[in-house]
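> Sharing a structure with you now.
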Amino acid sequence: MSTKKWEELEITDDFLFGKVMRNPELCKRTIEAILNIEVDRIDYLEEQKTIDMSLDAKSVRLDVYVKDGNNTVYNIEMQPVKKDNLPKRSRYYQGMIDLELIEKGEYYSKLNRSYVIFICNFDLFRKNRCIYTFENRCIEDTEIALGDETLKVFLNSKGDAANLNSNLKAFFAYVNQKRKTENDFIVMLDREVKKAKANLEWRREYMTLYIKYQEKMEEGRQEGLQEGRQEGLQEGRQEGLQEGRQEGLREGLQEGRAEGDMQRLISQVRKKVDKGISALEAADMLEEGSELVGRIMELIHRCPKMSDEQIYEELKK
């Protein structure tokens, strides 16, 4: 979730990028520019699609998830913030997409060719390339491709653009906020960005999320300050605990999880409780803060008949 106000959003903000890519023709041309291929049409398009295989699994929220006329699947992610875990994140996304594609009992041979694409404004691999494309190949003989038809593409808008096609070169310039161009693809993109920012319904949707995010950030800051002081005084380590709790709570609350996500987490924690798993182990398995998971477990143990919704309401108090 971006910390920007609506008026400040750019194409590099995932909320706006997802809305802009709801235009099938624009999405089609973006894929063509990135992969230097021709796409006949976009059969269906979903922005900010959530794949949630089970209550025990970590859900995946995809910025753009599309499928073309040849049944090739494309997942496009706008990634303006550098994170070293992107390669493993791409692996997880690919796995979840595959599970969804064969969820209804299809044979493995029915798995679609698929691309997971990250659009970055930084060089994740530090080789000054604009495009890094990965597929599974034999280590002993790199001429042998595995043939699983999965590709992962990492883009760097600030790399050496000398050999790029004109549309991708113009797209990178646009991502880097160099807007003056006569390229018809970028003119179309810029027009769609302005149209999206003039959409009052999308503005209200974003501002609702923005306000919730800011409230959670402030709650976390105040809670971190209070708990850090109390525990620091108890253990004689006030400064270290205060800084550690502030940082931990800030990172834990940055996602600004929606009510549905929180209730899903409560359901997941309840299953861990039933299996006798400790709060620390559950927090590690669910990739959540140990304090939040511990608090949920405490409520479940204290009031086992409370529903997930009731526990969620207690957490908000």
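Please note that chains go A, B, ... in the order of the structure tokens, that every chain numbers its residues from 1, and that ligands are numbered from 1 in the order shown.
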Could you pull the residues within 9 Å of range 70-84 of chain A, counting only C-alpha atoms, minus those fewer than 3 positions along the same chain, as an MDAnalysis selection string?
chainID A and resid 11:14 17:18 31 39:41 43 62:67 87:88 93:94 97 112:124
> Check range 21-204 of chain A with DSSP on the backbone and list each residue it calls helix (DSSP H, G or I), as a count of residues only.
60
